[in-house]
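Following: one structure in structure tokens, then a few remarks.
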Amino acid sequence: MKYVVTGAAGLIGSALIWKLNRMGIDDILAVDHLGTSEKWKNLRALSYADYMEKDVFYERLLAGALPRDVECILHMGACSSTTEKDATYLIGNNFEYTKTLALYSVSHNVRFLYASSAATYGDGEHGYVDDEEHIEELRPMNMYGYSKQMFDLWARRQGLLSKITGVKYTNVFGPNELHKAEMRSVVCRAYEQIRDTGKVGLFKSYRSEYADGEQKRDFIYVKDAVKMVMFLLENHCHGIYNIGSGRAETWNSLASAVFKALDRPVNIEYIEMPEHLRGKYQYYTCADITKIRKAGYTDIVTPLEDTVADYIRNYISQGRFLGDE
């Protein structure tokens with residue numbers, strides 16, 4: 001089994017399998033916890049050699065019973081909810097699990113690439129630079145971000161970042177995210193709102209320097225994200241890298257792109273932000289992608305308007321998934 005992809009039925013995990021398939025690779029062990037969600041649909045059009053539930057995989061990992069021919073583990077499996085409040089669950093799922101996989105990979109000479117998160121940057125006080133020397137300065141704003149930060153810190157202190165690869169995703173959106181419920185991208189939710197009501201709701205701003213809807217995010221299409229990941233993998237780049245567009249776009253721009261893709265007039269309503277989010281809300285994110293550029297990645301990150309159009313016109317409005325092309 002050449003590749004193991006955890007979180008295989010998730011947005012990014014399934015997109016990685018899609019990308020591997022397009023490269024002619026299907027010698028893949030897909031690992032996930034399907035439960036009662038609809039994310040199994042993300043796997044239907046993909047090719048892989050075997051599937052294993054997360055708990056079974058973990059038991060075999062601890063017992064040293066994984067396939068001997070594994071060359072690479074792409075660890076995308078995690079709880080990605082930024083509002084999850086069970087810190088014990090997050091530590092077990094996002095920290096301890098990743099530690100076990102990393103130690104196994106290093107001791108068995110297996111490539112290991114794992115998902116960190118731009119949520120580790122917190123409010124951006126210390127910037128959005130993927131500089132491993134300053135990880136300790138970062139202050140995540142939610143427990144999800146901190147669970148990712150915990151592993152980054154541990155890996156650095158263990159001297160593993162010269163042997164493994166971490167990727168800090170910004171706001172990833174695209175096909176195969178419908179199962180994510182409240183964690184679906186604003187593109188997905190805006191499409192549904194505009195389709196059903198002709199308008200979209202965006203959070204009001206509670207900071208004077210930002211007008212309503214002018215809060216900014218680094219949005220990246222999942223196809224661009226997995227292209228960047230595969231570049232790091234193929235070029236044996238170790239350490240932590242940002243995976244983002246390198247552009248800060250407003251929510252208003254994002255919503256306008258959705259209206260354009262649907263050929264509808266722009267109709268934005270600004271709504272109150274829930275109290276529990278106001279102290280944890282990021283008003284600005286923009287990944288510094290200088291590091292991956294210096295590593296040799298030269299592809300242009302697709303413009304936001306083009307990615308939104310591709311997602312809406314070719315996938316979500318057609319009920320299609322990656323692999324249905």
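We name chains A, B, ... following the order of the structure tokens; residues begin at 1 in each chain, and ligands are numbered from 1 as shown.
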Which residues, written as a ChimeraX atom specification, have at least one atom at most 8 Å from range 40-57 of chain A, with only C-alpha atoms counted and residues fewer than 6 positions away on the same chain left out? /A:1,6,8-11,14,17-18,21,26-34,66,176,321-324
How would the residues just chosen look if you wrote them out with N, CA and C atoms as a PDB file, in the first residue's frame?
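The resulting selection32.pdb:
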ATOM      1  N   MET A   1       0.850  -1.182   0.000  1.00  0.00           N
ATOM      2  CA  MET A   1       0.000   0.000   0.000  1.00  0.00           C
ATOM      3  C   MET A   1       0.886   1.232   0.000  1.00  0.00           C
ATOM      4  N   THR A   6      -5.605   9.525   5.750  1.00  0.00           N
ATOM      5  CA  THR A   6      -6.592   9.577   6.830  1.00  0.00           C
ATOM      6  C   THR A   6      -7.523  10.761   6.576  1.00  0.00           C
ATOM      7  N   ALA A   8     -10.038  10.391   4.825  1.00  0.00           N
ATOM      8  CA  ALA A   8     -10.130  10.163   3.381  1.00  0.00           C
ATOM      9  C   ALA A   8     -11.448  10.608   2.765  1.00  0.00           C
ATOM     10  N   ALA A   9     -12.516  10.618   3.547  1.00  0.00           N
ATOM     11  CA  ALA A   9     -13.818  11.009   3.005  1.00  0.00           C
ATOM     12  C   ALA A   9     -14.118  12.481   3.243  1.00  0.00           C
ATOM     13  N   GLY A  10     -13.196  13.184   3.893  1.00  0.00           N
ATOM     14  CA  GLY A  10     -13.390  14.607   4.135  1.00  0.00           C
ATOM     15  C   GLY A  10     -13.100  15.446   2.910  1.00  0.00           C
ATOM     16  N   LEU A  11     -13.268  16.742   3.049  1.00  0.00           N
ATOM     17  CA  LEU A  11     -13.052  17.664   1.934  1.00  0.00           C
ATOM     18  C   LEU A  11     -11.637  17.538   1.361  1.00  0.00           C
ATOM     19  N   SER A  14     -10.437  13.591   0.552  1.00  0.00           N
ATOM     20  CA  SER A  14     -10.977  13.043  -0.707  1.00  0.00           C
ATOM     21  C   SER A  14     -10.382  13.764  -1.908  1.00  0.00           C
ATOM     22  N   ILE A  17      -7.052  12.164  -2.638  1.00  0.00           N
ATOM     23  CA  ILE A  17      -7.210  10.903  -3.373  1.00  0.00           C
ATOM     24  C   ILE A  17      -7.563  11.199  -4.830  1.00  0.00           C
ATOM     25  N   TRP A  18      -8.438  12.178  -5.060  1.00  0.00           N
ATOM     26  CA  TRP A  18      -8.774  12.606  -6.424  1.00  0.00           C
ATOM     27  C   TRP A  18      -7.519  13.022  -7.178  1.00  0.00           C
ATOM     28  N   ASN A  21      -5.368  10.006  -7.946  1.00  0.00           N
ATOM     29  CA  ASN A  21      -5.980   9.269  -9.061  1.00  0.00           C
ATOM     30  C   ASN A  21      -5.652   9.921 -10.390  1.00  0.00           C
ATOM     31  N   ASP A  26      -3.630   4.682  -7.518  1.00  0.00           N
ATOM     32  CA  ASP A  26      -4.786   4.223  -6.747  1.00  0.00           C
ATOM     33  C   ASP A  26      -4.400   3.195  -5.688  1.00  0.00           C
ATOM     34  N   ASP A  27      -3.098   2.997  -5.476  1.00  0.00           N
ATOM     35  CA  ASP A  27      -2.607   2.083  -4.438  1.00  0.00           C
ATOM     36  C   ASP A  27      -2.676   2.811  -3.097  1.00  0.00           C
ATOM     37  N   ILE A  28      -3.912   2.999  -2.632  1.00  0.00           N
ATOM     38  CA  ILE A  28      -4.200   3.876  -1.499  1.00  0.00           C
ATOM     39  C   ILE A  28      -5.054   3.150  -0.463  1.00  0.00           C
ATOM     40  N   LEU A  29      -4.691   3.297   0.803  1.00  0.00           N
ATOM     41  CA  LEU A  29      -5.545   2.859   1.904  1.00  0.00           C
ATOM     42  C   LEU A  29      -6.276   4.090   2.415  1.00  0.00           C
ATOM     43  N   ALA A  30      -7.593   4.100   2.261  1.00  0.00           N
ATOM     44  CA  ALA A  30      -8.413   5.216   2.720  1.00  0.00           C
ATOM     45  C   ALA A  30      -8.867   4.939   4.149  1.00  0.00           C
ATOM     46  N   VAL A  31      -8.649   5.893   5.040  1.00  0.00           N
ATOM     47  CA  VAL A  31      -8.991   5.734   6.459  1.00  0.00           C
ATOM     48  C   VAL A  31      -9.908   6.869   6.882  1.00  0.00           C
ATOM     49  N   ASP A  32     -11.000   6.533   7.557  1.00  0.00           N
ATOM     50  CA  ASP A  32     -11.913   7.571   8.042  1.00  0.00           C
ATOM     51  C   ASP A  32     -12.878   6.943   9.044  1.00  0.00           C
ATOM     52  N   HIS A  33     -13.729   7.775   9.599  1.00  0.00           N
ATOM     53  CA  HIS A  33     -14.853   7.308  10.417  1.00  0.00           C
ATOM     54  C   HIS A  33     -16.107   7.821   9.726  1.00  0.00           C
ATOM     55  N   LEU A  34     -16.800   6.934   9.030  1.00  0.00           N
ATOM     56  CA  LEU A  34     -17.952   7.365   8.238  1.00  0.00           C
ATOM     57  C   LEU A  34     -19.195   7.606   9.077  1.00  0.00           C
ATOM     58  N   LEU A  66       0.394  -2.565  10.407  1.00  0.00           N
ATOM     59  CA  LEU A  66       0.058  -1.890   9.151  1.00  0.00           C
ATOM     60  C   LEU A  66       0.761  -2.584   7.986  1.00  0.00           C
ATOM     61  N   ASN A 176     -17.142  18.371  -2.325  1.00  0.00           N
ATOM     62  CA  ASN A 176     -16.990  17.351  -1.282  1.00  0.00           C
ATOM     63  C   ASN A 176     -17.005  17.927   0.133  1.00  0.00           C
ATOM     64  N   PHE A 321     -19.530  15.457  -7.510  1.00  0.00           N
ATOM     65  CA  PHE A 321     -18.415  15.374  -6.585  1.00  0.00           C
ATOM     66  C   PHE A 321     -17.107  15.267  -7.356  1.00  0.00           C
ATOM     67  N   LEU A 322     -15.982  15.469  -6.683  1.00  0.00           N
ATOM     68  CA  LEU A 322     -14.699  15.269  -7.322  1.00  0.00           C
ATOM     69  C   LEU A 322     -14.606  13.833  -7.819  1.00  0.00           C
ATOM     70  N   GLY A 323     -14.194  13.663  -9.050  1.00  0.00           N
ATOM     71  CA  GLY A 323     -14.140  12.342  -9.653  1.00  0.00           C
ATOM     72  C   GLY A 323     -15.291  12.106 -10.599  1.00  0.00           C
ATOM     73  N   ASP A 324     -16.338  12.947 -10.515  1.00  0.00           N
ATOM     74  CA  ASP A 324     -17.475  12.814 -11.417  1.00  0.00           C
ATOM     75  C   ASP A 324     -17.236  13.515 -12.760  1.00  0.00           C
TER      76      ASP A 324
END
For Lys199 in chain A, work out the shell of residues within 6 Å, counting only C-alpha atoms and skipping chain neighbours fewer than 2 positions away, then give it as a list in words.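 Non-adjacent residues within range: Ile194, Thr197, Asn267 and Ile268 of chain A.
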Please dump the current selection as a compact mmCIF listing (two decimals), in the first residue's frame; keep N, CA and C atoms.
# COMPACT_ATOMS: atom_id res chain seq x y z
N ILE A 194 -28.75 32.01 -1.53
CA ILE A 194 -29.11 32.78 -2.73
C ILE A 194 -30.06 31.97 -3.61
N THR A 197 -33.44 32.10 -1.47
CA THR A 197 -34.06 33.37 -1.05
C THR A 197 -33.66 34.57 -1.91
N ASN A 267 -27.27 40.93 -3.43
CA ASN A 267 -28.25 41.29 -2.40
C ASN A 267 -27.74 40.74 -1.06
N ILE A 268 -26.98 41.58 -0.34
CA ILE A 268 -26.34 41.17 0.90
C ILE A 268 -27.05 41.79 2.09
Show me, as a PDB file with N, CA and C atoms, in the first residue's frame, the residues that have an atom within 12 Å of Val129 in chain A when counting only C-alpha atoms, minus same-chain residues fewer than 2 positions from it.
ATOM      1  N   ALA A 118      -4.255  27.238   9.818  1.00  0.00           N
ATOM      2  CA  ALA A 118      -4.018  28.676   9.979  1.00  0.00           C
ATOM      3  C   ALA A 118      -4.688  29.197  11.242  1.00  0.00           C
ATOM      4  N   THR A 120      -3.948  28.350  14.029  1.00  0.00           N
ATOM      5  CA  THR A 120      -2.870  28.488  15.018  1.00  0.00           C
ATOM      6  C   THR A 120      -2.378  29.930  15.105  1.00  0.00           C
ATOM      7  N   TYR A 121      -2.622  30.742  14.072  1.00  0.00           N
ATOM      8  CA  TYR A 121      -2.140  32.117  14.064  1.00  0.00           C
ATOM      9  C   TYR A 121      -2.984  33.050  14.929  1.00  0.00           C
ATOM     10  N   GLY A 124      -3.663  37.016  14.467  1.00  0.00           N
ATOM     11  CA  GLY A 124      -2.653  37.528  13.549  1.00  0.00           C
ATOM     12  C   GLY A 124      -1.689  38.520  14.162  1.00  0.00           C
ATOM     13  N   GLU A 125      -1.702  38.619  15.478  1.00  0.00           N
ATOM     14  CA  GLU A 125      -0.816  39.570  16.162  1.00  0.00           C
ATOM     15  C   GLU A 125       0.646  39.381  15.763  1.00  0.00           C
ATOM     16  N   HIS A 126       1.035  38.124  15.543  1.00  0.00           N
ATOM     17  CA  HIS A 126       2.420  37.819  15.175  1.00  0.00           C
ATOM     18  C   HIS A 126       2.556  37.478  13.694  1.00  0.00           C
ATOM     19  N   GLY A 127       1.568  37.874  12.906  1.00  0.00           N
ATOM     20  CA  GLY A 127       1.634  37.630  11.479  1.00  0.00           C
ATOM     21  C   GLY A 127       1.176  36.240  11.084  1.00  0.00           C
ATOM     22  N   ASP A 131       7.004  30.343   9.994  1.00  0.00           N
ATOM     23  CA  ASP A 131       8.354  30.327  10.558  1.00  0.00           C
ATOM     24  C   ASP A 131       8.370  29.431  11.790  1.00  0.00           C
ATOM     25  N   GLU A 132       9.002  28.279  11.675  1.00  0.00           N
ATOM     26  CA  GLU A 132       8.995  27.304  12.763  1.00  0.00           C
ATOM     27  C   GLU A 132       9.698  27.804  14.028  1.00  0.00           C
ATOM     28  N   GLU A 133      10.598  28.773  13.869  1.00  0.00           N
ATOM     29  CA  GLU A 133      11.363  29.271  15.011  1.00  0.00           C
ATOM     30  C   GLU A 133      10.512  30.100  15.964  1.00  0.00           C
ATOM     31  N   HIS A 134       9.327  30.509  15.506  1.00  0.00           N
ATOM     32  CA  HIS A 134       8.509  31.392  16.334  1.00  0.00           C
ATOM     33  C   HIS A 134       7.132  30.808  16.643  1.00  0.00           C
ATOM     34  N   ILE A 135       7.018  29.483  16.567  1.00  0.00           N
ATOM     35  CA  ILE A 135       5.732  28.843  16.852  1.00  0.00           C
ATOM     36  C   ILE A 135       5.244  29.186  18.257  1.00  0.00           C
ATOM     37  N   GLU A 137       5.283  31.750  19.914  1.00  0.00           N
ATOM     38  CA  GLU A 137       4.686  33.075  20.074  1.00  0.00           C
ATOM     39  C   GLU A 137       3.208  33.112  19.686  1.00  0.00           C
ATOM     40  N   LEU A 138       2.762  32.121  18.930  1.00  0.00           N
ATOM     41  CA  LEU A 138       1.398  32.131  18.420  1.00  0.00           C
ATOM     42  C   LEU A 138       0.380  31.853  19.515  1.00  0.00           C
ATOM     43  N   LYS A 168      -0.354  24.285   6.917  1.00  0.00           N
ATOM     44  CA  LYS A 168      -1.329  25.143   7.584  1.00  0.00           C
ATOM     45  C   LYS A 168      -2.318  25.667   6.544  1.00  0.00           C
ATOM     46  N   ILE A 240       7.118  23.171   8.253  1.00  0.00           N
ATOM     47  CA  ILE A 240       5.734  23.644   8.209  1.00  0.00           C
ATOM     48  C   ILE A 240       5.571  24.676   7.101  1.00  0.00           C
ATOM     49  N   TYR A 241       4.509  24.507   6.308  1.00  0.00           N
ATOM     50  CA  TYR A 241       4.256  25.394   5.175  1.00  0.00           C
ATOM     51  C   TYR A 241       2.802  25.873   5.197  1.00  0.00           C
ATOM     52  N   ASN A 242       2.624  27.139   4.875  1.00  0.00           N
ATOM     53  CA  ASN A 242       1.269  27.656   4.670  1.00  0.00           C
ATOM     54  C   ASN A 242       0.714  27.147   3.347  1.00  0.00           C
ATOM     55  N   ILE A 243      -0.560  26.781   3.363  1.00  0.00           N
ATOM     56  CA  ILE A 243      -1.283  26.436   2.146  1.00  0.00           C
ATOM     57  C   ILE A 243      -2.439  27.420   2.043  1.00  0.00           C
ATOM     58  N   GLY A 244      -2.232  28.440   1.222  1.00  0.00           N
ATOM     59  CA  GLY A 244      -3.236  29.477   1.056  1.00  0.00           C
ATOM     60  C   GLY A 244      -3.043  30.177  -0.274  1.00  0.00           C
ATOM     61  N   GLY A 246      -2.439  33.459  -0.494  1.00  0.00           N
ATOM     62  CA  GLY A 246      -1.567  34.611  -0.335  1.00  0.00           C
ATOM     63  C   GLY A 246      -2.292  35.926  -0.591  1.00  0.00           C
ATOM     64  N   THR A 285      -7.139  37.358   7.791  1.00  0.00           N
ATOM     65  CA  THR A 285      -6.143  36.291   7.646  1.00  0.00           C
ATOM     66  C   THR A 285      -5.570  36.382   6.238  1.00  0.00           C
ATOM     67  N   CYS A 286      -4.274  36.185   6.135  1.00  0.00           N
ATOM     68  CA  CYS A 286      -3.630  36.151   4.827  1.00  0.00           C
ATOM     69  C   CYS A 286      -2.332  35.373   4.961  1.00  0.00           C
ATOM     70  N   ALA A 287      -2.321  34.184   4.394  1.00  0.00           N
ATOM     71  CA  ALA A 287      -1.143  33.330   4.514  1.00  0.00           C
ATOM     72  C   ALA A 287       0.030  33.908   3.729  1.00  0.00           C
ATOM     73  N   ASP A 288       1.174  33.956   4.372  1.00  0.00           N
ATOM     74  CA  ASP A 288       2.411  34.305   3.673  1.00  0.00           C
ATOM     75  C   ASP A 288       2.906  33.029   3.005  1.00  0.00           C
ATOM     76  N   ILE A 289       2.898  32.992   1.664  1.00  0.00           N
ATOM     77  CA  ILE A 289       3.302  31.772   0.952  1.00  0.00           C
ATOM     78  C   ILE A 289       4.700  31.904   0.343  1.00  0.00           C
ATOM     79  N   THR A 290       5.483  32.809   0.912  1.00  0.00           N
ATOM     80  CA  THR A 290       6.858  32.993   0.442  1.00  0.00           C
ATOM     81  C   THR A 290       7.667  31.708   0.556  1.00  0.00           C
ATOM     82  N   LYS A 291       7.456  30.977   1.635  1.00  0.00           N
ATOM     83  CA  LYS A 291       8.266  29.780   1.898  1.00  0.00           C
ATOM     84  C   LYS A 291       8.071  28.714   0.819  1.00  0.00           C
ATOM     85  N   ILE A 292       6.825  28.435   0.458  1.00  0.00           N
ATOM     86  CA  ILE A 292       6.585  27.421  -0.573  1.00  0.00           C
ATOM     87  C   ILE A 292       7.038  27.942  -1.937  1.00  0.00           C
TER      88      ILE A 292
END
If you run DSSP on this backbone, which residues of range 26-160 of chain A come out as alpha helix (DSSP H), and could you give them as an MDAnalysis selection string? chainID A and resid 54:62 87:90 97:107 143:157
If you run DSSP over the backbone, which residues in range 138-298 of chain A end up strand (DSSP E or B)? Put them as a PyMOL selection string. chain A and resi 165-169+171-173+200-203+216-217+219-221+239-243+249-250+268-271+284
Quote the spacing between CA of Tyr146 in chain A and CA of Tyr297 in chain A in Å to one decimal place.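 Spanning CA of Tyr146 in chain A to CA of Tyr297 in chain A is a straight-line distance of 28.5 Å.
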When you look at Asn171 in chain A with a cut-off of 8 Å (counting only C-alpha atoms), what residues show up, excluding the ones that are within fewer than 3 positions of it in the same chain? I need them as a list of chain:residue names.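 Non-adjacent residues within range: A:Ser185, A:Arg217, A:Asp218, A:Phe219, A:Ile220, A:Gly244.
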Contacts of Tyr89 in chain A within 12 Å, only C-alpha atoms, excl. fewer than 2 positions in-chain, as a list in words: Ala78, Cys79, Ser80, Ser81, Glu84, Lys85, Asp86, Ala87, Ile91, Gly92, Asn93, Asn94, Phe95, Glu96, Tyr97, Met143, Tyr144 and Ser147 of chain A
With N, CA and C atoms retained, write the just-selected residues as a PDB file, in the first residue's frame.
ATOM      1  N   ALA A  78      -8.996  14.647  11.375  1.00  0.00           N
ATOM      2  CA  ALA A  78      -9.013  15.447  12.606  1.00  0.00           C
ATOM      3  C   ALA A  78     -10.418  15.971  12.830  1.00  0.00           C
ATOM      4  N   CYS A  79     -10.685  16.424  14.040  1.00  0.00           N
ATOM      5  CA  CYS A  79     -11.896  17.203  14.277  1.00  0.00           C
ATOM      6  C   CYS A  79     -11.560  18.624  13.857  1.00  0.00           C
ATOM      7  N   SER A  80     -12.260  19.142  12.856  1.00  0.00           N
ATOM      8  CA  SER A  80     -11.930  20.466  12.318  1.00  0.00           C
ATOM      9  C   SER A  80     -12.927  21.538  12.734  1.00  0.00           C
ATOM     10  N   SER A  81     -13.761  21.242  13.719  1.00  0.00           N
ATOM     11  CA  SER A  81     -14.751  22.216  14.155  1.00  0.00           C
ATOM     12  C   SER A  81     -14.111  23.282  15.035  1.00  0.00           C
ATOM     13  N   GLU A  84     -15.813  23.414  18.552  1.00  0.00           N
ATOM     14  CA  GLU A  84     -15.807  22.246  19.446  1.00  0.00           C
ATOM     15  C   GLU A  84     -15.291  22.664  20.823  1.00  0.00           C
ATOM     16  N   LYS A  85     -16.031  22.314  21.878  1.00  0.00           N
ATOM     17  CA  LYS A  85     -15.672  22.730  23.230  1.00  0.00           C
ATOM     18  C   LYS A  85     -15.074  21.613  24.082  1.00  0.00           C
ATOM     19  N   ASP A  86     -15.121  20.375  23.590  1.00  0.00           N
ATOM     20  CA  ASP A  86     -14.577  19.259  24.356  1.00  0.00           C
ATOM     21  C   ASP A  86     -13.074  19.176  24.128  1.00  0.00           C
ATOM     22  N   ALA A  87     -12.314  19.822  25.011  1.00  0.00           N
ATOM     23  CA  ALA A  87     -10.864  19.890  24.846  1.00  0.00           C
ATOM     24  C   ALA A  87     -10.220  18.515  24.950  1.00  0.00           C
ATOM     25  N   ILE A  91      -7.784  16.947  22.086  1.00  0.00           N
ATOM     26  CA  ILE A  91      -6.411  16.521  22.380  1.00  0.00           C
ATOM     27  C   ILE A  91      -6.195  15.085  21.931  1.00  0.00           C
ATOM     28  N   GLY A  92      -7.144  14.217  22.228  1.00  0.00           N
ATOM     29  CA  GLY A  92      -7.008  12.819  21.822  1.00  0.00           C
ATOM     30  C   GLY A  92      -7.025  12.651  20.317  1.00  0.00           C
ATOM     31  N   ASN A  93      -7.944  13.344  19.653  1.00  0.00           N
ATOM     32  CA  ASN A  93      -8.148  13.170  18.219  1.00  0.00           C
ATOM     33  C   ASN A  93      -7.123  13.919  17.366  1.00  0.00           C
ATOM     34  N   ASN A  94      -6.784  15.136  17.782  1.00  0.00           N
ATOM     35  CA  ASN A  94      -5.921  15.986  16.960  1.00  0.00           C
ATOM     36  C   ASN A  94      -4.458  15.989  17.387  1.00  0.00           C
ATOM     37  N   PHE A  95      -4.199  15.687  18.650  1.00  0.00           N
ATOM     38  CA  PHE A  95      -2.829  15.745  19.171  1.00  0.00           C
ATOM     39  C   PHE A  95      -2.228  14.356  19.359  1.00  0.00           C
ATOM     40  N   GLU A  96      -2.830  13.553  20.231  1.00  0.00           N
ATOM     41  CA  GLU A  96      -2.257  12.240  20.540  1.00  0.00           C
ATOM     42  C   GLU A  96      -2.222  11.324  19.315  1.00  0.00           C
ATOM     43  N   TYR A  97      -3.297  11.314  18.553  1.00  0.00           N
ATOM     44  CA  TYR A  97      -3.366  10.471  17.352  1.00  0.00           C
ATOM     45  C   TYR A  97      -2.250  10.843  16.371  1.00  0.00           C
ATOM     46  N   MET A 143     -10.028  26.272  20.790  1.00  0.00           N
ATOM     47  CA  MET A 143      -9.403  25.026  21.204  1.00  0.00           C
ATOM     48  C   MET A 143      -8.979  24.183  20.012  1.00  0.00           C
ATOM     49  N   TYR A 144      -9.718  24.259  18.924  1.00  0.00           N
ATOM     50  CA  TYR A 144      -9.316  23.544  17.709  1.00  0.00           C
ATOM     51  C   TYR A 144      -7.928  24.008  17.269  1.00  0.00           C
ATOM     52  N   SER A 147      -5.244  22.764  19.585  1.00  0.00           N
ATOM     53  CA  SER A 147      -4.912  21.342  19.448  1.00  0.00           C
ATOM     54  C   SER A 147      -3.931  21.120  18.308  1.00  0.00           C
TER      55      SER A 147
END
Restricting the calculation to only C-alpha atoms: of A:Tyr104, A:Cys237, A:Ala295, A:Glu214, which residue gets closest to Ala65 in chain A? A:Tyr104
